[in-house]
Each structure stands twice: as C-alpha cells, then as structure tokens.
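With CSV, C-alpha atoms inside, this is model31.csv:
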```csv
chain,number,residue,atom,x,y,z
A,1,MET,CA,97.6,110.8,129.9
A,2,THR,CA,96.8,108.7,126.8
A,3,VAL,CA,98.7,105.4,126.6
A,4,LYS,CA,99.0,103.9,123.2
A,5,ILE,CA,98.7,100.1,123.0
A,6,LEU,CA,100.6,98.6,120.2
A,7,ARG,CA,98.8,95.9,118.3
A,8,VAL,CA,99.4,93.6,115.4
A,9,PHE,CA,96.9,92.2,113.0
A,10,ASP,CA,96.9,88.4,112.7
A,11,GLU,CA,95.8,87.3,109.3
A,12,GLY,CA,95.1,83.8,110.4
A,13,SER,CA,92.5,84.6,113.0
A,14,GLY,CA,91.5,88.1,111.9
A,15,MET,CA,92.1,89.3,115.4
A,16,VAL,CA,93.9,92.5,116.5
A,17,LEU,CA,96.3,91.3,119.2
A,18,PRO,CA,98.2,93.5,121.7
A,19,LYS,CA,101.9,93.5,120.9
A,20,GLN,CA,103.1,93.8,124.6
A,21,GLY,CA,103.8,90.6,126.5
A,22,ARG,CA,101.2,88.6,128.3
A,23,SER,CA,101.4,86.1,131.0
A,24,PRO,CA,99.1,83.6,132.7
A,25,LEU,CA,99.0,85.7,135.9
A,26,ALA,CA,98.1,88.8,133.9
A,27,MET,CA,95.1,87.0,132.3
A,28,ILE,CA,94.0,85.8,135.8
A,29,VAL,CA,94.3,89.3,137.2
A,30,LEU,CA,92.4,91.0,134.4
A,31,THR,CA,89.7,88.3,134.8
A,32,LEU,CA,89.4,88.9,138.5
A,33,LEU,CA,89.0,92.6,137.8
A,34,GLU,CA,86.1,91.9,135.5
A,35,GLU,CA,84.3,90.6,138.6
A,36,ALA,CA,84.9,93.8,140.6
A,37,PRO,CA,87.6,96.3,141.4
A,38,MET,CA,90.0,95.0,144.0
A,39,HIS,CA,93.5,95.3,145.5
A,40,ALA,CA,96.4,93.0,145.2
A,41,TYR,CA,95.9,91.2,148.5
A,42,ARG,CA,92.3,90.4,147.7
A,43,MET,CA,93.5,89.0,144.3
A,44,GLN,CA,96.0,86.8,146.0
A,45,GLN,CA,93.3,85.6,148.4
A,46,LEU,CA,90.9,84.7,145.7
A,47,ILE,CA,93.5,83.0,143.6
A,48,ARG,CA,94.4,80.7,146.5
A,49,MET,CA,90.8,80.2,147.7
A,50,ARG,CA,89.8,79.1,144.2
A,51,GLU,CA,92.9,77.0,143.8
A,52,LYS,CA,94.1,79.0,140.8
A,53,ASP,CA,97.5,78.9,142.3
A,54,SER,CA,97.8,75.5,140.6
A,55,VAL,CA,98.1,77.3,137.3
A,56,VAL,CA,99.7,80.6,138.3
A,57,ASN,CA,102.5,81.2,140.8
A,58,VAL,CA,101.4,83.7,143.6
A,59,SER,CA,103.7,82.4,146.3
A,60,SER,CA,105.0,86.0,146.5
A,61,ARG,CA,102.5,88.9,146.6
A,62,ASN,CA,105.2,90.9,144.9
A,63,SER,CA,104.5,88.9,141.7
A,64,ILE,CA,101.0,90.3,141.6
A,65,HIS,CA,102.3,93.8,142.2
A,66,GLN,CA,104.7,93.5,139.3
A,67,VAL,CA,101.9,92.4,137.0
A,68,LEU,CA,99.6,95.2,138.2
A,69,SER,CA,102.4,97.7,137.6
A,70,ARG,CA,102.9,96.5,134.1
A,71,LEU,CA,99.2,96.4,133.3
A,72,GLU,CA,98.8,100.0,134.7
A,73,ARG,CA,101.8,101.1,132.6
A,74,ASP,CA,100.2,99.7,129.5
A,75,GLY,CA,96.8,101.3,130.2
A,76,LEU,CA,95.0,98.1,130.8
A,77,ILE,CA,94.0,98.9,134.4
A,78,VAL,CA,93.7,102.1,136.5
A,79,PRO,CA,93.7,102.7,140.2
A,80,VAL,CA,90.3,103.7,141.7
A,81,PRO,CA,90.6,107.1,143.3
A,82,ASP,CA,90.6,106.9,147.2
A,83,ASP,CA,91.7,109.8,149.4
A,84,ALA,CA,91.6,107.8,152.6
A,85,PRO,CA,95.1,107.5,154.0
A,86,GLY,CA,96.8,104.1,154.4
A,87,THR,CA,94.3,102.3,152.2
A,88,ARG,CA,95.4,99.6,149.7
A,89,VAL,CA,95.3,100.6,146.1
A,90,VAL,CA,92.2,99.2,144.3
A,91,TYR,CA,92.3,98.7,140.6
A,92,ARG,CA,89.7,98.3,137.8
A,93,ASN,CA,90.0,97.3,134.2
A,94,THR,CA,89.9,99.9,131.4
A,95,GLU,CA,87.9,99.3,128.2
A,96,THR,CA,91.3,98.7,126.5
A,97,GLY,CA,92.1,96.1,129.3
A,98,ARG,CA,88.8,94.2,128.6
A,99,GLU,CA,89.6,94.3,124.8
A,100,VAL,CA,93.1,93.0,125.4
A,101,LEU,CA,92.0,90.3,127.8
A,102,LEU,CA,89.5,88.9,125.3
A,103,SER,CA,92.2,89.0,122.6
A,104,TRP,CA,94.7,87.2,124.8
A,105,LEU,CA,92.1,84.5,125.7
A,106,ALA,CA,91.1,84.0,122.1
A,107,ASP,CA,94.7,83.7,120.9
A,108,THR,CA,95.7,81.4,123.8
A,109,LEU,CA,92.8,79.1,123.5
A,110,ALA,CA,92.9,78.8,119.8
A,111,ARG,CA,96.7,78.4,119.2
A,112,PRO,CA,98.9,75.8,120.8
A,113,ARG,CA,102.4,77.1,121.6
A,114,ASN,CA,105.7,75.5,122.6
A,115,GLU,CA,105.9,76.5,126.3
A,116,TYR,CA,109.4,74.9,126.7
A,117,PRO,CA,108.6,72.5,129.5
A,118,SER,CA,111.6,71.5,131.7
A,119,PHE,CA,110.7,67.8,131.6
A,120,ALA,CA,111.0,67.8,127.8
A,121,ALA,CA,114.4,69.6,128.1
A,122,ALA,CA,115.6,67.0,130.6
A,123,LEU,CA,114.5,64.2,128.2
A,124,SER,CA,116.8,65.7,125.6
A,125,CYS,CA,119.7,65.1,127.9
A,126,VAL,CA,118.9,61.5,128.7
A,127,PRO,CA,121.9,60.0,126.8
A,128,LEU,CA,124.1,61.3,129.6
A,129,THR,CA,122.6,58.8,132.0
A,130,THR,CA,122.0,55.0,131.7
A,131,PRO,CA,118.9,53.0,131.0
A,132,ALA,CA,118.8,51.6,134.5
A,133,ARG,CA,119.2,54.9,136.1
A,134,LEU,CA,116.6,56.5,133.8
A,135,ALA,CA,114.1,53.7,134.7
A,136,GLU,CA,114.7,54.4,138.4
A,137,MET,CA,114.2,58.2,138.0
A,138,LEU,CA,111.0,57.7,135.9
A,139,GLY,CA,109.7,55.2,138.4
A,140,GLU,CA,110.0,57.9,141.0
A,141,ARG,CA,108.2,60.4,138.8
A,142,LEU,CA,105.4,57.9,138.3
A,143,ARG,CA,104.9,57.7,142.0
A,144,ALA,CA,104.7,61.5,142.2
A,145,LEU,CA,102.2,61.6,139.4
A,146,ASP,CA,100.0,59.1,141.2
A,147,VAL,CA,99.9,61.4,144.2
A,148,MET,CA,99.1,64.4,142.1
A,149,LEU,CA,96.3,62.4,140.3
A,150,ASP,CA,94.9,61.3,143.6
A,151,GLU,CA,94.6,64.9,144.8
A,152,LEU,CA,93.3,66.3,141.5
A,153,ARG,CA,89.7,65.2,141.2
A,154,PRO,CA,87.6,67.9,139.5
A,155,GLU,CA,84.4,65.8,139.5
A,156,GLY,CA,84.6,65.5,143.2
A,157,VAL,CA,85.1,69.2,143.7
A,158,ARG,CA,82.1,69.9,141.5
A,159,GLN,CA,79.9,67.6,143.6
A,160,GLU,CA,81.3,68.9,146.9
A,161,TYR,CA,80.7,72.6,146.1
A,162,GLY,CA,77.9,72.3,143.6
A,163,LEU,CA,79.9,73.9,140.8
A,164,GLU,CA,79.1,74.0,137.1
A,165,ARG,CA,81.7,72.2,135.0
A,166,VAL,CA,83.0,75.4,133.4
A,167,PHE,CA,84.6,76.3,136.8
A,168,VAL,CA,86.8,73.2,136.8
A,169,LEU,CA,87.9,73.0,133.2
A,170,GLU,CA,91.5,73.8,134.0
A,171,ASP,CA,91.6,70.9,136.5
A,172,GLU,CA,90.1,68.6,133.9
A,173,TYR,CA,92.8,69.6,131.5
A,174,ARG,CA,95.6,69.2,134.0
A,175,ARG,CA,94.3,65.7,135.0
A,176,ALA,CA,94.1,64.7,131.3
A,177,MET,CA,97.6,65.9,130.7
A,178,LEU,CA,98.9,64.0,133.9
A,179,LEU,CA,97.1,60.8,132.8
A,180,ALA,CA,98.6,61.0,129.3
A,181,GLU,CA,102.1,61.7,130.8
A,182,ARG,CA,101.7,58.8,133.2
A,183,GLU,CA,100.7,56.4,130.5
A,184,TRP,CA,103.7,57.4,128.3
A,185,ILE,CA,106.2,57.2,131.1
A,186,ALA,CA,104.9,53.8,132.3
A,187,SER,CA,105.3,52.5,128.7
A,188,LEU,CA,108.8,53.9,128.5
A,189,VAL,CA,109.8,52.3,131.8
A,190,ARG,CA,108.6,48.9,130.5
A,191,ASP,CA,110.7,49.3,127.4
A,192,LEU,CA,113.7,50.2,129.5
A,193,GLU,CA,113.3,47.3,131.8
A,194,ALA,CA,112.8,44.9,128.9
A,195,GLY,CA,115.9,46.1,127.2
A,196,LYS,CA,114.0,47.5,124.2
A,197,LEU,CA,115.6,51.0,124.7
A,198,ARG,CA,119.3,51.1,125.0
A,199,TRP,CA,122.1,53.5,124.3
A,200,GLN,CA,125.7,54.2,125.1
A,201,ARG,CA,126.9,57.4,126.7
A,202,PRO,CA,128.3,59.8,124.1
A,203,ASP,CA,132.0,60.3,124.1
A,204,PRO,CA,133.2,63.8,125.3
A,205,LEU,CA,133.8,66.3,122.5
A,206,SER,CA,137.4,67.1,121.7
A,207,THR,CA,138.6,70.6,122.5
A,208,GLU,CA,138.5,71.5,118.9
A,209,ALA,CA,134.9,70.2,118.4
A,210,ALA,CA,133.7,72.0,121.5
A,211,GLU,CA,135.1,75.2,120.3
A,212,GLY,CA,133.6,74.8,116.8
A,213,SER,CA,136.8,74.3,115.0
A,214,PRO,CA,136.5,72.7,111.5
```
When written as structure tokens, how does the structure in this file appear?
Amino acid sequence: MTVKILRVFDEGSGMVLPKQGRSPLAMIVLTLLEEAPMHAYRMQQLIRMREKDSVVNVSSRNSIHQVLSRLERDGLIVPVPDDAPGTRVVYRNTETGREVLLSWLADTLARPRNEYPSFAAALSCVPLTTPARLAEMLGERLRALDVMLDELRPEGVRQEYGLERVFVLEDEYRRAMLLAEREWIASLVRDLEAGKLRWQRPDPLSTEAAEGSP
C-alpha cells in the first residue's frame, strides 16, 4: 500500500515540510530508529537511560505506542517482519521517515515558536492575586529552580561518562533557560518586596459585560 505524505513548500527556508503534525516524542522515536530497528519497550528504556525523559514524556509506554501507530499510519516507519509468535513488534524508518525527520529537525531548530507555556499563562492572571502573595509564590518557585539547577549539570555528566558536548546540548539549553528564568524571577521578587510593582485587584465584570452586551 502506498501512503501519500502531504507536504507544503516553505518559501522562507526553501524546505519541503510534512503537513501532518509532529511532536517532540515523534522526533525522538524517529531518531532512535535511525540507530537501529527496535520495539517500543527498548525505545522507552533508551529514552530513560539517556535521560531524554527530561524533554519528552514517556511515563506511560502507551504514549510511545500511540506515536508509533501514527508514524506507521503516515508511512514514516514500518514493522520488521517476524513470524515468531509472541515477539514484540520491531520498527524501522522508511526513506520517507528519514526525509520527514530531517525536515522536522531543520524547521524546529531554525524557527522559534510560541509553545504556550503554562507559567506565562499563569503570569497573565497575576492581577487576581496580591503583590505579597505573588512574592511568596515566586519565592517558592525560586527554591524549586535552585534544586533543578543543582541537579542539572551537563558539564559534570560529560566528564563522568566521557561524552562529547553534542550529546548534552539539550541539557545545556535547559540549564541556560532555567538560569535566565531564575534571574528574572529574582528581580521581580525584589521589585515586589520594594513596592516597585503594585496593582489593585480588578473589579468583577457586570453580568452585561461578561455576556458581551454593548
């Protein structure tokens, strides 16, 4: 059966991109299958062993099976024939799968996107609380960030396991983002405690305004 992969031409990059949806886990799965054909359980093992579960959620093996099902449906992977009864299904990439993976990587690395982070969404709701309470909550977040930063040390991992830098780039990125977030939050807390950032809780909307009446 021939599966048609819909693509769109992007004039900005000159790349032909797959039209179907992508996900971080799908990119990781296709990358693992570039190493060797494997089954879902082996993928989950490798993701955890290599600590890639810090960038993709594989707490449930079913999440990998769902991604495999979608990739197979789209013609990006195929099962490796095996007549032995009771064996796990092993998958490999197709040529189209390799092409799509490289297109996804190029587009994701080259183009920043709004990923709609929950923290930014919560910040947009801050007027519902008070400056004192916000300072308290952000102080708690700072302590949590310090724990995360203490645990995330890519340079130490490189030295311990003799890895090249390319294998810890995602951890370097995560640490840089956490450090930037910590610096910004600490500055915000100082402004809150010094009274430089104040506001009053907004009044509740009237029934007419809430319903959009003129």
- Item | Close residues, region 177-192 of chain A itself excluded, 12 Å, all atoms listed in the file, min 5 positions apart in chain, as a VMD selection string | chain A and resid 119 to 120 123 130 to 153 170 to 172 197 to 199
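Proximity of A:Gln44, A:Ser54, A:Ser23, A:Gln66 to Tyr173 (chain A), computed with all atoms listed in the file, is greatest for A:Ser54.
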- Message: Residues near Met27 (chain A), anyone? I mean within 10 Å using only C-alpha atoms, not counting same-chain ones fewer than 4 positions away, as a list in words.
- Response: Arg22, Ser23, Thr31, Leu32, Leu33, Val56, Val67, Val100, Leu101, Leu102, Trp104 and Leu105 of chain A
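Compared by their closest atoms to Val80 (chain A), and using only C-alpha atoms, the residues A:Ile64, A:Met38, A:Leu30, A:Ile47 rank with A:Met38 nearest.
Comparing the minimum interatomic distances between Leu76 (chain A) and each of A:Arg98, A:Arg61, A:Arg174, A:Arg88, counting only C-alpha atoms, we find that A:Arg98 sits nearest.
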- Restricting the calculation to only C-alpha atoms, which member of A:Leu163, A:Glu34, A:Val29, A:Ala106 is positioned closest to Leu46 (chain A)?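 Answer, going by the shortest atom-to-atom distance: A:Val29.
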- Message: Please report the interatomic distance between CA of Asp83 (chain A) and CA of His39 (chain A) in Å with one decimal.
- Response: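 Separating CA of Asp83 (chain A) from CA of His39 (chain A) is a distance of 15.1 Å.
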- Task: Using CA of Glu95 (chain A) and CA of Ile77 (chain A) as the two end points, give the distance in Å to one decimal.
- Result: 8.7 Å
- Task: Tell me, as number ranges by chain, which residues lie within 12 Å of His65 (chain A), counting only C-alpha atoms; anything in the same chain fewer than 3 positions away does not count.
- Result: A: 25-26, 29, 39-44, 58, 60-62, 68-72, 88-91
- Message: What does the structure give for the distance between CA of Arg111 (chain A) and CA of Pro24 (chain A), in Å to one decimal?
- Response: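 These atoms are spaced 14.7 Å apart.
Counting all atoms listed in the file and comparing A:Val126, A:Ile28, A:Pro79, A:Phe167, the residue that lies closest to Asp53 (chain A) is A:Ile28.
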- Find the spatial neighbours of Arg165 (chain A), counting only C-alpha atoms, within a cut-off of 9 Å - ignore same-chain residues fewer than 5 positions away - and output them as a PyMOL selection string. chain A and resi 154-155+158
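With all atoms listed in the file as the basis for measurement, A:Val157 is the residue among A:Asn114, A:Glu164, A:Gly86, A:Val157 that approaches Glu51 (chain A) most closely.
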